[in-house]
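Listing of my_file_33.cif; format and content: mmCIF, C-alpha atoms and all ligand atoms.
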data_protein
loop_
_atom_site.label_atom_id
_atom_site.label_comp_id
_atom_site.auth_asym_id
_atom_site.auth_seq_id
_atom_site.Cartn_x
_atom_site.Cartn_y
_atom_site.Cartn_z
CA MET K 1 0.00 0.00 0.00
CA ASN K 2 2.11 2.89 -1.28
CA VAL K 3 0.39 6.19 -0.57
CA VAL K 4 1.58 9.72 -1.32
CA LEU K 5 -0.13 12.67 0.36
CA VAL K 6 -0.07 16.08 -1.27
CA GLY K 7 -1.65 19.33 -0.17
CA LEU K 8 -0.90 22.81 1.12
CA PRO K 9 1.02 23.22 4.38
CA GLY K 10 -1.59 22.81 7.11
CA SER K 11 -3.95 20.76 4.93
CA GLY K 12 -3.81 17.88 7.42
CA LYS K 13 -1.27 15.59 5.76
CA GLY K 14 0.56 14.86 9.01
CA THR K 15 -2.57 14.16 11.05
CA GLN K 16 -4.38 12.13 8.42
CA GLY K 17 -1.22 10.35 7.30
CA ALA K 18 -0.43 9.22 10.86
CA GLN K 19 -3.97 7.94 11.45
CA PHE K 20 -4.10 6.14 8.10
CA ALA K 21 -0.71 4.53 8.74
CA ARG K 22 -1.85 3.34 12.19
CA ARG K 23 -5.13 1.94 10.82
CA HIS K 24 -3.31 -0.07 8.16
CA GLY K 25 -0.12 -1.04 10.01
CA ILE K 26 2.32 0.73 7.70
CA PRO K 27 4.84 3.49 8.50
CA LYS K 28 4.16 7.17 7.92
CA ILE K 29 7.24 8.71 6.39
CA SER K 30 7.38 12.48 6.75
CA THR K 31 10.31 14.24 5.11
CA GLY K 32 9.61 17.33 7.25
CA ASP K 33 9.88 15.24 10.45
CA MET K 34 13.05 13.55 9.19
CA LEU K 35 14.68 16.89 8.39
CA ARG K 36 13.61 18.47 11.69
CA ASP K 37 14.97 15.43 13.51
CA ALA K 38 18.30 15.77 11.64
CA VAL K 39 18.46 19.45 12.65
CA ALA K 40 17.65 18.62 16.29
CA ARG K 41 20.35 15.93 16.39
CA GLY K 42 22.90 18.18 14.67
CA THR K 43 23.81 15.63 11.97
CA ALA K 44 25.66 16.66 8.78
CA LEU K 45 22.33 16.67 6.92
CA GLY K 46 20.74 18.74 9.69
CA ARG K 47 23.48 21.36 9.51
CA GLU K 48 23.05 21.58 5.73
CA VAL K 49 19.27 22.07 5.77
CA ALA K 50 18.70 24.12 8.94
CA SER K 51 18.73 27.55 7.28
CA THR K 52 16.44 26.38 4.45
CA LEU K 53 13.88 25.08 6.96
CA ASP K 54 14.07 28.33 8.93
CA ALA K 55 13.45 30.32 5.76
CA GLY K 56 10.54 28.15 4.53
CA GLY K 57 12.34 27.20 1.30
CA LEU K 58 12.82 23.75 -0.23
CA VAL K 59 15.96 21.70 0.30
CA PRO K 60 17.69 20.58 -2.94
CA ASP K 61 15.99 17.75 -4.83
CA ASP K 62 19.04 15.47 -4.95
CA MET K 63 19.51 15.73 -1.18
CA ILE K 64 15.91 14.88 -0.24
CA ILE K 65 15.73 12.14 -2.88
CA ARG K 66 18.72 10.42 -1.23
CA VAL K 67 17.03 10.67 2.18
CA VAL K 68 13.79 9.13 0.88
CA ASP K 69 15.60 6.45 -1.12
CA ALA K 70 17.39 5.24 2.03
CA ARG K 71 14.19 5.34 4.09
CA LEU K 72 12.08 3.41 1.54
CA GLN K 73 14.64 0.62 1.53
CA GLN K 74 14.18 -0.08 5.23
CA ALA K 75 12.37 -3.31 6.04
CA ASP K 76 9.29 -1.67 7.58
CA ALA K 77 8.52 0.19 4.34
CA MET K 78 8.49 -2.90 2.12
CA ALA K 79 4.80 -3.72 2.56
CA GLY K 80 3.76 -0.12 2.09
CA PHE K 81 4.00 3.40 3.49
CA VAL K 82 2.36 6.78 3.61
CA LEU K 83 4.63 9.53 2.32
CA ASP K 84 3.98 13.00 3.73
CA GLY K 85 5.94 15.90 2.27
CA PHE K 86 7.52 14.07 -0.66
CA PRO K 87 7.41 14.52 -3.60
CA ARG K 88 7.16 18.30 -3.56
CA THR K 89 8.60 19.02 -7.01
CA LEU K 90 8.30 17.41 -10.42
CA PRO K 91 11.88 16.02 -10.38
CA GLN K 92 11.11 14.44 -6.98
CA ALA K 93 7.98 12.78 -8.43
CA VAL K 94 9.95 11.38 -11.36
CA ALA K 95 12.61 10.11 -8.94
CA LEU K 96 9.92 8.47 -6.77
CA ASP K 97 8.59 6.53 -9.75
CA GLY K 98 12.14 5.23 -10.24
CA LEU K 99 12.52 4.32 -6.56
CA LEU K 100 9.22 2.40 -6.68
CA GLU K 101 9.98 0.43 -9.81
CA GLY K 102 8.75 -3.12 -9.26
CA ARG K 103 6.79 -2.04 -6.17
CA GLY K 104 3.76 -0.49 -7.89
CA ALA K 105 2.72 3.07 -8.62
CA PRO K 106 1.76 5.14 -5.58
CA VAL K 107 -1.82 6.14 -4.84
CA VAL K 108 -1.73 9.93 -4.76
CA ILE K 109 -4.14 11.50 -2.31
CA TYR K 110 -4.62 15.23 -2.71
CA LEU K 111 -5.97 16.85 0.46
CA GLU K 112 -7.81 19.85 -0.93
CA VAL K 113 -8.41 22.74 1.49
CA SER K 114 -9.38 26.38 1.10
CA PRO K 115 -6.24 28.52 1.28
CA ASP K 116 -7.94 30.93 3.70
CA VAL K 117 -8.15 28.34 6.52
CA ILE K 118 -4.48 27.38 6.27
CA LEU K 119 -2.93 30.38 7.99
CA ASP K 120 -5.21 30.19 11.05
CA ARG K 121 -4.69 26.44 11.36
CA ILE K 122 -0.92 26.68 11.20
CA LEU K 123 -0.53 29.74 13.39
CA SER K 124 -2.65 28.13 16.13
CA ARG K 125 -0.98 24.74 15.72
CA ARG K 126 0.79 23.13 18.68
CA ILE K 127 2.64 19.83 18.34
CA CYS K 128 2.85 17.24 21.11
CA GLU K 129 6.54 16.77 21.88
CA SER K 130 5.98 13.12 22.86
CA CYS K 131 3.74 11.68 20.13
CA GLY K 132 3.86 14.38 17.45
CA GLN K 133 0.09 14.84 17.26
CA ALA K 134 -1.02 18.32 16.18
CA ASP K 135 -3.60 20.37 18.04
CA THR K 136 -5.11 23.39 16.27
CA GLY K 137 -7.66 26.06 17.07
CA ALA K 138 -8.08 27.85 20.39
CA PRO K 139 -6.11 25.86 22.99
CA THR K 140 -8.49 23.90 25.24
CA THR K 141 -5.97 21.70 27.02
CA GLU K 142 -2.47 22.19 28.31
CA TYR K 143 -1.48 18.58 27.57
CA CYS K 144 -1.91 16.26 24.58
CA ALA K 145 -5.28 14.49 24.59
CA SER K 146 -3.71 11.27 23.24
CA CYS K 147 -0.66 10.79 25.42
CA GLY K 148 -0.53 13.57 28.02
CA GLY K 149 2.68 15.06 26.56
CA GLY K 150 3.48 18.77 26.54
CA PHE K 151 3.01 20.97 23.45
CA VAL K 152 5.63 22.89 21.47
CA LYS K 153 5.38 25.25 18.49
CA ARG K 154 7.11 24.23 15.28
CA ALA K 155 9.95 26.70 14.62
CA ASP K 156 8.65 27.35 11.07
CA ASP K 157 5.02 27.93 12.11
CA HIS K 158 5.42 31.70 12.15
CA VAL K 159 3.61 34.02 9.83
CA ASP K 160 6.45 35.10 7.51
CA VAL K 161 7.83 31.58 7.19
CA VAL K 162 4.35 30.13 6.57
CA ARG K 163 3.83 32.67 3.76
CA ARG K 164 7.10 31.54 2.16
CA ARG K 165 6.12 27.86 2.54
CA VAL K 166 2.82 28.60 0.77
CA VAL K 167 4.70 30.38 -2.04
CA ALA K 168 7.05 27.35 -2.33
CA TYR K 169 3.96 25.14 -2.56
CA VAL K 170 2.28 27.26 -5.25
CA GLU K 171 5.46 27.46 -7.32
CA ASN K 172 6.70 23.88 -7.01
CA THR K 173 4.04 21.53 -5.67
CA ALA K 174 0.82 22.82 -7.25
CA PRO K 175 2.16 22.00 -10.77
CA LEU K 176 2.99 18.52 -9.47
CA VAL K 177 -0.64 18.02 -8.42
CA GLU K 178 -1.70 18.89 -11.97
CA TRP K 179 0.86 16.43 -13.31
CA TYR K 180 -0.51 13.60 -11.11
CA ARG K 181 -4.16 14.54 -11.66
CA ASP K 182 -4.54 12.72 -14.99
CA GLY K 183 -3.09 9.47 -13.65
CA PRO K 184 -5.34 6.52 -12.72
CA THR K 185 -4.25 6.44 -9.08
CA PHE K 186 -4.90 10.11 -8.25
CA ARG K 187 -7.76 10.98 -5.89
CA ALA K 188 -8.68 14.42 -4.51
CA ILE K 189 -10.46 14.51 -1.15
CA ASP K 190 -12.09 17.42 0.65
CA GLY K 191 -9.81 18.35 3.55
CA ASN K 192 -12.20 21.02 4.87
CA GLN K 193 -14.46 18.39 6.46
CA PRO K 194 -14.25 17.30 10.11
CA LEU K 195 -11.27 15.01 10.82
CA THR K 196 -13.26 11.77 10.95
CA ASP K 197 -14.95 12.51 7.60
CA VAL K 198 -11.59 13.21 5.97
CA ALA K 199 -10.28 9.91 7.39
CA ARG K 200 -13.27 8.04 5.94
CA ALA K 201 -12.83 9.70 2.54
CA PHE K 202 -9.10 8.89 2.66
CA ASP K 203 -9.75 5.15 3.24
CA ALA K 204 -12.48 5.12 0.59
CA ALA K 205 -10.24 6.79 -1.99
CA VAL K 206 -7.36 4.36 -1.45
CA PHE K 207 -9.65 1.32 -1.56
CA ASP K 208 -11.37 2.68 -4.65
CA CYS K 209 -7.97 2.70 -6.34
CA MET K 210 -7.39 -0.91 -5.25
CA LYS K 211 -10.81 -1.95 -6.54
CA SER K 212 -10.17 -0.34 -9.90
CA GLY K 213 -7.31 -2.79 -10.27
CA HIS K 214 -4.63 -0.18 -10.53
CA PRO K 215 -1.32 -1.46 -9.35
CA PRO K 216 -0.47 0.24 -6.08
CA PHE K 217 -0.42 -3.14 -4.39
CA ARG K 218 2.13 -5.80 -5.10
P1 LIG R 1 4.57 21.65 5.68
O1 LIG R 1 3.75 21.85 6.89
O2 LIG R 1 5.02 22.96 5.08
O3 LIG R 1 3.95 20.71 4.69
P2 LIG R 1 6.81 19.79 6.29
O4 LIG R 1 6.88 19.38 7.71
O5 LIG R 1 6.37 18.77 5.29
O6 LIG R 1 5.95 21.11 6.23
O7 LIG R 1 8.26 20.30 5.81
C1 LIG R 1 8.97 21.31 6.51
C2 LIG R 1 10.12 21.84 5.67
O8 LIG R 1 11.03 20.77 5.33
C3 LIG R 1 9.74 22.46 4.33
O9 LIG R 1 9.35 23.81 4.47
C4 LIG R 1 11.04 22.28 3.53
O10 LIG R 1 11.99 23.26 3.89
C5 LIG R 1 11.58 20.95 4.00
N1 LIG R 1 11.12 19.81 3.16
C6 LIG R 1 10.32 18.78 3.56
N2 LIG R 1 10.10 17.93 2.54
C7 LIG R 1 10.77 18.42 1.47
C8 LIG R 1 10.91 18.02 0.11
N3 LIG R 1 10.30 16.91 -0.34
N4 LIG R 1 11.65 18.78 -0.72
C9 LIG R 1 12.26 19.88 -0.29
N5 LIG R 1 12.16 20.36 0.97
C10 LIG R 1 11.42 19.63 1.86
#
Starting from the file, lay out its structure as structure tokens.
Ligand code: ADP
Amino acid sequence: MNVVLVGLPGSGKGTQGAQFARRHGIPKISTGDMLRDAVARGTALGREVASTLDAGGLVPDDMIIRVVDARLQQADAMAGFVLDGFPRTLPQAVALDGLLEGRGAPVVIYLEVSPDVILDRILSRRICESCGQADTGAPTTEYCASCGGGFVKRADDHVDVVRRRVVAYVENTAPLVEWYRDGPTFRAIDGNQPLTDVARAFDAAVFDCMKSGHPPFR
């Protein structure tokens, strides 16, 4: 079950991707999380990408392709995965097709949301430092409802950086959505609905692809 999630920053890829992965027993692979983790641990990769993340730009294609290539070869990703944050450019999408040769084309789920809700969602977003779950809207609890962990703000969830991330999306990722749209394993779902409705639509879209006999499954 190879699933790729695309959508604006704040469209719910992280939340929906994590829940889908849990429901189906496959890993959620988030390039944003991997890069933030590399920055936090001070690895060579982290030192190279830190300023790009701070600025809301995109790290170079060849660098992120190498990171994803290594991750997709790990044993837990062999039976399937949910990719969140990759591909983000056309060259990354072409590279992904190459990486998945013999493993089936990915189902591409486009989480469609109105651009005007994005900024509020992201600026109010708090991330649980233990389990990574996001909480948005007016804060109602001090601790994570799932695990009781404390919340932190993502360093790039500030208004100027969010604006630059949206520009990066419009310039690089929106054309990619159009490129995928004509393929047989592309499905757009309405990300403005309540979380549980989005989750249901997400499952339905992936299983609809399976039913149609397209080859996301080995
Ligand atoms: P968003 O909420 O903007 O979707 P992510 O957590 O997916 O954020 O990514 C955070 C940052 O990591 C991006 O702004 C970008 O700098 C970098 N990044 C993540 N994935 C990629 C990628 N596939 N290509 C280039 N840069 C990436």
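Candidate residues K:Asn2, K:Asn172, K:Thr140, K:Ser114 were compared for distance to Gly17 of chain K, and the nearest is K:Asn2, using all atoms listed in the file.
All residues of protein, DNA or RNA that reach within 12 Å of Asp203 of chain K, judged by all atoms listed in the file and not counting those fewer than 2 positions away in the chain, are Met1, Val3, Gln16, Gly17, Gln19, Phe20, Ala21, Arg23, His24, Val107, Ile109, Arg187, Ile189, Thr196, Asp197, Val198, Ala199, Arg200, Ala201, Ala205, Val206, Phe207, Asp208, Cys209 and Met210 of chain K.
In terms of minimum interatomic distance to ligand LIG 1 (chain R), K:Lys13 ranks closest within K:Arg125, K:Lys13, K:Arg71, K:Arg66, counting all atoms listed in the file.
Atom CA of Ala40 of chain K lies 18.7 Å from atom CA of Ala134 of chain K.
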Leaving out Thr15 of chain K and any residue of its chain fewer than 3 positions from it, which residues lie within 12 Å of it when counting only C-alpha atoms, given as JSON, numbers by chain?
{"K": [5, 9, 10, 11, 12, 18, 19, 20, 21, 22, 28, 30, 82, 84, 111, 125, 127, 128, 131, 132, 133, 134, 135, 136, 191, 195, 196, 198, 199, 202]}
May I have the residues within 6 Å of ligand LIG 1 (chain R), computed using all atoms listed in the file, as an MDAnalysis selection string?
chainID K and resid 9:10 31:33 52:53 56:59 64 85:88 165
Quick one: residues within 10 Å of Gly148 of chain K, all atoms listed in the file counted, chain neighbours fewer than 2 positions away excluded, as a ChimeraX atom specification?
/K:128-131,141-146,150-151
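When atom CA of Ala93 of chain K is paired with atom CA of Asp76 of chain K, their separation reads 21.6 Å.
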